Amino acid sequence: MAGMSPLFRRNGQTAPQDRLVTLVRKPGCHLCDDAQVVVEKVCGELGVRWEQKDITQDSALYEQYWEQIPVVLVDGRQHTFWRVDEHRLRRALADS
């Protein structure tokens with residue numbers, strides 16, 4: 001199903017390998033470290049790709065999220081900030 005058009009997938013769901021979770025963080029942030037543990041666990045169990053971006057290295061991310069880090073984006077859309085709830089992230093990745 002991975003190479004199959006989304007039109008032909010059951011329920012229109014996106015396959016796990018087609019999803020992307022982005023953790024926007026900064027060095028030395030304990031909440032960011034906590035968020036990373038949750039993101040790594042959930043994405044690893046579901047087979048979802050994830051990446052991290054350093055807010056101190058990207059002025060656009062800094063402008064948008066500086067008060068909210070860590071921020072988790074799912075497929076480019078903001079999912080949560082500050083604290084990441086494992087069950088909520090798991091549901092968000094399973095829903096689409």
# chains A, B, ... in the order shown; residues from 1 in each chain; ligands from 1
>>> residues_around(residues="A:Glu86", least_positions_apart="6", cutoff="9 Å", atoms="only C-alpha atoms", output="ChimeraX atom specification")
/A:38-39,41-42
>>> write_last_selection(atoms="all heavy atoms", output="PDB file, in the first residue's frame")
ATOM      1  N   VAL A  38       9.122  11.130  24.165  1.00  0.00           N
ATOM      2  CA  VAL A  38       7.779  10.717  23.755  1.00  0.00           C
ATOM      3  C   VAL A  38       7.707  10.559  22.237  1.00  0.00           C
ATOM      4  O   VAL A  38       7.187   9.572  21.728  1.00  0.00           O
ATOM      5  CB  VAL A  38       6.717  11.723  24.247  1.00  0.00           C
ATOM      6  CG1 VAL A  38       5.341  11.372  23.695  1.00  0.00           C
ATOM      7  CG2 VAL A  38       6.692  11.774  25.770  1.00  0.00           C
ATOM      8  N   VAL A  39       8.238  11.529  21.502  1.00  0.00           N
ATOM      9  CA  VAL A  39       8.198  11.481  20.036  1.00  0.00           C
ATOM     10  C   VAL A  39       8.955  10.253  19.530  1.00  0.00           C
ATOM     11  O   VAL A  39       8.455   9.527  18.661  1.00  0.00           O
ATOM     12  CB  VAL A  39       8.769  12.788  19.429  1.00  0.00           C
ATOM     13  CG1 VAL A  39       9.007  12.647  17.931  1.00  0.00           C
ATOM     14  CG2 VAL A  39       7.830  13.958  19.715  1.00  0.00           C
ATOM     15  N   LYS A  41       9.534   7.437  21.060  1.00  0.00           N
ATOM     16  CA  LYS A  41       8.816   6.219  21.418  1.00  0.00           C
ATOM     17  C   LYS A  41       7.625   5.983  20.493  1.00  0.00           C
ATOM     18  O   LYS A  41       7.491   4.910  19.901  1.00  0.00           O
ATOM     19  CB  LYS A  41       8.335   6.297  22.871  1.00  0.00           C
ATOM     20  CG  LYS A  41       7.524   5.091  23.290  1.00  0.00           C
ATOM     21  CD  LYS A  41       7.036   5.204  24.708  1.00  0.00           C
ATOM     22  CE  LYS A  41       6.219   3.958  25.049  1.00  0.00           C
ATOM     23  NZ  LYS A  41       5.606   4.040  26.349  1.00  0.00           N
ATOM     24  N   VAL A  42       6.761   6.993  20.374  1.00  0.00           N
ATOM     25  CA  VAL A  42       5.542   6.836  19.579  1.00  0.00           C
ATOM     26  C   VAL A  42       5.876   6.615  18.104  1.00  0.00           C
ATOM     27  O   VAL A  42       5.345   5.702  17.464  1.00  0.00           O
ATOM     28  CB  VAL A  42       4.607   8.049  19.770  1.00  0.00           C
ATOM     29  CG1 VAL A  42       3.435   7.988  18.807  1.00  0.00           C
ATOM     30  CG2 VAL A  42       4.113   8.117  21.213  1.00  0.00           C
TER      31      VAL A  42
END
>>> residues_around(residues="A:Leu89", least_positions_apart="6", cutoff="10 Å", atoms="only C-alpha atoms", output="number ranges by chain")
A: 21, 38-39, 42-43, 72, 74, 79-80, 95
>>> write_last_selection(atoms="N, CA and C atoms", output="PDB file, in the first residue's frame")
ATOM      1  N   VAL A  21       6.639  13.696  11.740  1.00  0.00           N
ATOM      2  CA  VAL A  21       6.536  14.450  12.986  1.00  0.00           C
ATOM      3  C   VAL A  21       7.796  15.291  13.108  1.00  0.00           C
ATOM      4  N   VAL A  38       9.122  11.130  24.165  1.00  0.00           N
ATOM      5  CA  VAL A  38       7.779  10.717  23.755  1.00  0.00           C
ATOM      6  C   VAL A  38       7.707  10.559  22.237  1.00  0.00           C
ATOM      7  N   VAL A  39       8.238  11.529  21.502  1.00  0.00           N
ATOM      8  CA  VAL A  39       8.198  11.481  20.036  1.00  0.00           C
ATOM      9  C   VAL A  39       8.955  10.253  19.530  1.00  0.00           C
ATOM     10  N   VAL A  42       6.761   6.993  20.374  1.00  0.00           N
ATOM     11  CA  VAL A  42       5.542   6.836  19.579  1.00  0.00           C
ATOM     12  C   VAL A  42       5.876   6.615  18.104  1.00  0.00           C
ATOM     13  N   CYS A  43       6.756   7.424  17.568  1.00  0.00           N
ATOM     14  CA  CYS A  43       7.111   7.289  16.153  1.00  0.00           C
ATOM     15  C   CYS A  43       7.808   5.959  15.881  1.00  0.00           C
ATOM     16  N   VAL A  72       5.463  20.378  18.672  1.00  0.00           N
ATOM     17  CA  VAL A  72       5.396  19.186  17.831  1.00  0.00           C
ATOM     18  C   VAL A  72       4.462  19.481  16.661  1.00  0.00           C
ATOM     19  N   VAL A  74       2.739  17.754  13.217  1.00  0.00           N
ATOM     20  CA  VAL A  74       2.403  16.501  12.549  1.00  0.00           C
ATOM     21  C   VAL A  74       2.054  16.861  11.105  1.00  0.00           C
ATOM     22  N   HIS A  79       0.686  20.377  16.330  1.00  0.00           N
ATOM     23  CA  HIS A  79      -0.072  19.394  17.095  1.00  0.00           C
ATOM     24  C   HIS A  79      -0.171  19.817  18.560  1.00  0.00           C
ATOM     25  N   THR A  80       0.955  20.207  19.133  1.00  0.00           N
ATOM     26  CA  THR A  80       0.980  20.573  20.549  1.00  0.00           C
ATOM     27  C   THR A  80       2.221  21.396  20.848  1.00  0.00           C
ATOM     28  N   ASP A  95      -5.240   8.752  13.302  1.00  0.00           N
ATOM     29  CA  ASP A  95      -6.490   9.290  12.766  1.00  0.00           C
ATOM     30  C   ASP A  95      -6.432   9.648  11.287  1.00  0.00           C
TER      31      ASP A  95
END
>>> closest_residue(among="A:Leu73, A:Trp82, A:Ala92, A:Gln52", to="A:Glu40", atoms="only C-alpha atoms")
A:Gln52
>>> residues_around(residues="A:Leu31", least_positions_apart="6", cutoff="12 Å", atoms="only C-alpha atoms", output="JSON, numbers by chain")
{"A": [23, 24, 25, 37, 38, 68, 69, 70, 71, 72, 81, 82, 83, 84]}
>>> closest_residue(among="A:Ala35, A:Val48, A:Cys29, A:Ala15", to="A:Asp85", atoms="only C-alpha atoms")
A:Ala35
>>> closest_residue(among="A:Thr56, A:Arg91, A:Glu51, A:Gly28", to="A:Gly76", atoms="only C-alpha atoms")
A:Glu51
>>> atom_distance(atom1="atom CA of A:Arg88", atom2="atom CA of A:Ser59")
28.6 Å
>>> select_by_dssp(residues="chain A", states="helix (DSSP H, G or I)", output="ChimeraX atom specification")
/A:6-8,10-12,16-18,30-46,55-57,59-65,86-95
>>> select_by_dssp(residues="chain A", states="strand (DSSP E or B)", output="PDB file with N, CA and C atoms, in the first residue's frame")
ATOM      1  N   LEU A  20       5.052  12.589   8.906  1.00  0.00           N
ATOM      2  CA  LEU A  20       6.267  13.211   9.418  1.00  0.00           C
ATOM      3  C   LEU A  20       5.937  14.010  10.664  1.00  0.00           C
ATOM      4  N   VAL A  21       6.639  13.696  11.740  1.00  0.00           N
ATOM      5  CA  VAL A  21       6.536  14.450  12.986  1.00  0.00           C
ATOM      6  C   VAL A  21       7.796  15.291  13.108  1.00  0.00           C
ATOM      7  N   THR A  22       7.614  16.568  13.406  1.00  0.00           N
ATOM      8  CA  THR A  22       8.740  17.481  13.585  1.00  0.00           C
ATOM      9  C   THR A  22       8.723  17.999  15.010  1.00  0.00           C
ATOM     10  N   LEU A  23       9.847  17.860  15.690  1.00  0.00           N
ATOM     11  CA  LEU A  23      10.015  18.405  17.029  1.00  0.00           C
ATOM     12  C   LEU A  23      10.853  19.671  16.915  1.00  0.00           C
ATOM     13  N   VAL A  24      10.243  20.796  17.243  1.00  0.00           N
ATOM     14  CA  VAL A  24      10.942  22.082  17.234  1.00  0.00           C
ATOM     15  C   VAL A  24      11.423  22.309  18.660  1.00  0.00           C
ATOM     16  N   ARG A  25      12.742  22.446  18.820  1.00  0.00           N
ATOM     17  CA  ARG A  25      13.335  22.491  20.156  1.00  0.00           C
ATOM     18  C   ARG A  25      14.531  23.416  20.191  1.00  0.00           C
ATOM     19  N   ARG A  49       8.165   8.544  10.478  1.00  0.00           N
ATOM     20  CA  ARG A  49       9.411   9.319  10.435  1.00  0.00           C
ATOM     21  C   ARG A  49       9.280  10.539  11.340  1.00  0.00           C
ATOM     22  N   TRP A  50      10.419  10.926  11.927  1.00  0.00           N
ATOM     23  CA  TRP A  50      10.411  12.154  12.706  1.00  0.00           C
ATOM     24  C   TRP A  50      11.734  12.865  12.522  1.00  0.00           C
ATOM     25  N   GLU A  51      11.707  14.163  12.779  1.00  0.00           N
ATOM     26  CA  GLU A  51      12.901  14.994  12.684  1.00  0.00           C
ATOM     27  C   GLU A  51      12.862  16.021  13.804  1.00  0.00           C
ATOM     28  N   GLN A  52      14.010  16.609  14.066  1.00  0.00           N
ATOM     29  CA  GLN A  52      14.029  17.705  15.030  1.00  0.00           C
ATOM     30  C   GLN A  52      14.663  18.918  14.377  1.00  0.00           C
ATOM     31  N   LYS A  53      14.162  20.073  14.761  1.00  0.00           N
ATOM     32  CA  LYS A  53      14.697  21.321  14.251  1.00  0.00           C
ATOM     33  C   LYS A  53      15.042  22.208  15.432  1.00  0.00           C
ATOM     34  N   ASP A  54      16.206  22.849  15.344  1.00  0.00           N
ATOM     35  CA  ASP A  54      16.703  23.720  16.399  1.00  0.00           C
ATOM     36  C   ASP A  54      16.194  25.135  16.148  1.00  0.00           C
ATOM     37  N   VAL A  71       7.689  22.398  20.447  1.00  0.00           N
ATOM     38  CA  VAL A  71       6.490  22.342  19.609  1.00  0.00           C
ATOM     39  C   VAL A  71       6.578  21.066  18.776  1.00  0.00           C
ATOM     40  N   VAL A  72       5.463  20.378  18.672  1.00  0.00           N
ATOM     41  CA  VAL A  72       5.396  19.186  17.831  1.00  0.00           C
ATOM     42  C   VAL A  72       4.462  19.481  16.661  1.00  0.00           C
ATOM     43  N   LEU A  73       4.984  19.247  15.459  1.00  0.00           N
ATOM     44  CA  LEU A  73       4.196  19.386  14.239  1.00  0.00           C
ATOM     45  C   LEU A  73       3.937  17.990  13.687  1.00  0.00           C
ATOM     46  N   VAL A  74       2.739  17.754  13.217  1.00  0.00           N
ATOM     47  CA  VAL A  74       2.403  16.501  12.549  1.00  0.00           C
ATOM     48  C   VAL A  74       2.054  16.861  11.105  1.00  0.00           C
ATOM     49  N   ARG A  77       1.684  20.602  10.480  1.00  0.00           N
ATOM     50  CA  ARG A  77       0.674  21.353  11.230  1.00  0.00           C
ATOM     51  C   ARG A  77       0.927  21.202  12.718  1.00  0.00           C
ATOM     52  N   GLN A  78       0.760  22.304  13.458  1.00  0.00           N
ATOM     53  CA  GLN A  78       1.037  22.256  14.892  1.00  0.00           C
ATOM     54  C   GLN A  78       0.089  21.295  15.594  1.00  0.00           C
ATOM     55  N   HIS A  79       0.686  20.377  16.330  1.00  0.00           N
ATOM     56  CA  HIS A  79      -0.072  19.394  17.095  1.00  0.00           C
ATOM     57  C   HIS A  79      -0.171  19.817  18.560  1.00  0.00           C
ATOM     58  N   THR A  80       0.955  20.207  19.133  1.00  0.00           N
ATOM     59  CA  THR A  80       0.980  20.573  20.549  1.00  0.00           C
ATOM     60  C   THR A  80       2.221  21.396  20.848  1.00  0.00           C
ATOM     61  N   PHE A  81       2.301  21.890  22.086  1.00  0.00           N
ATOM     62  CA  PHE A  81       3.500  22.581  22.546  1.00  0.00           C
ATOM     63  C   PHE A  81       3.653  22.368  24.044  1.00  0.00           C
TER      64      PHE A  81
END
>>> atom_distance(atom1="atom CA of A:Tyr62", atom2="atom CA of A:Lys26")
9.9 Å
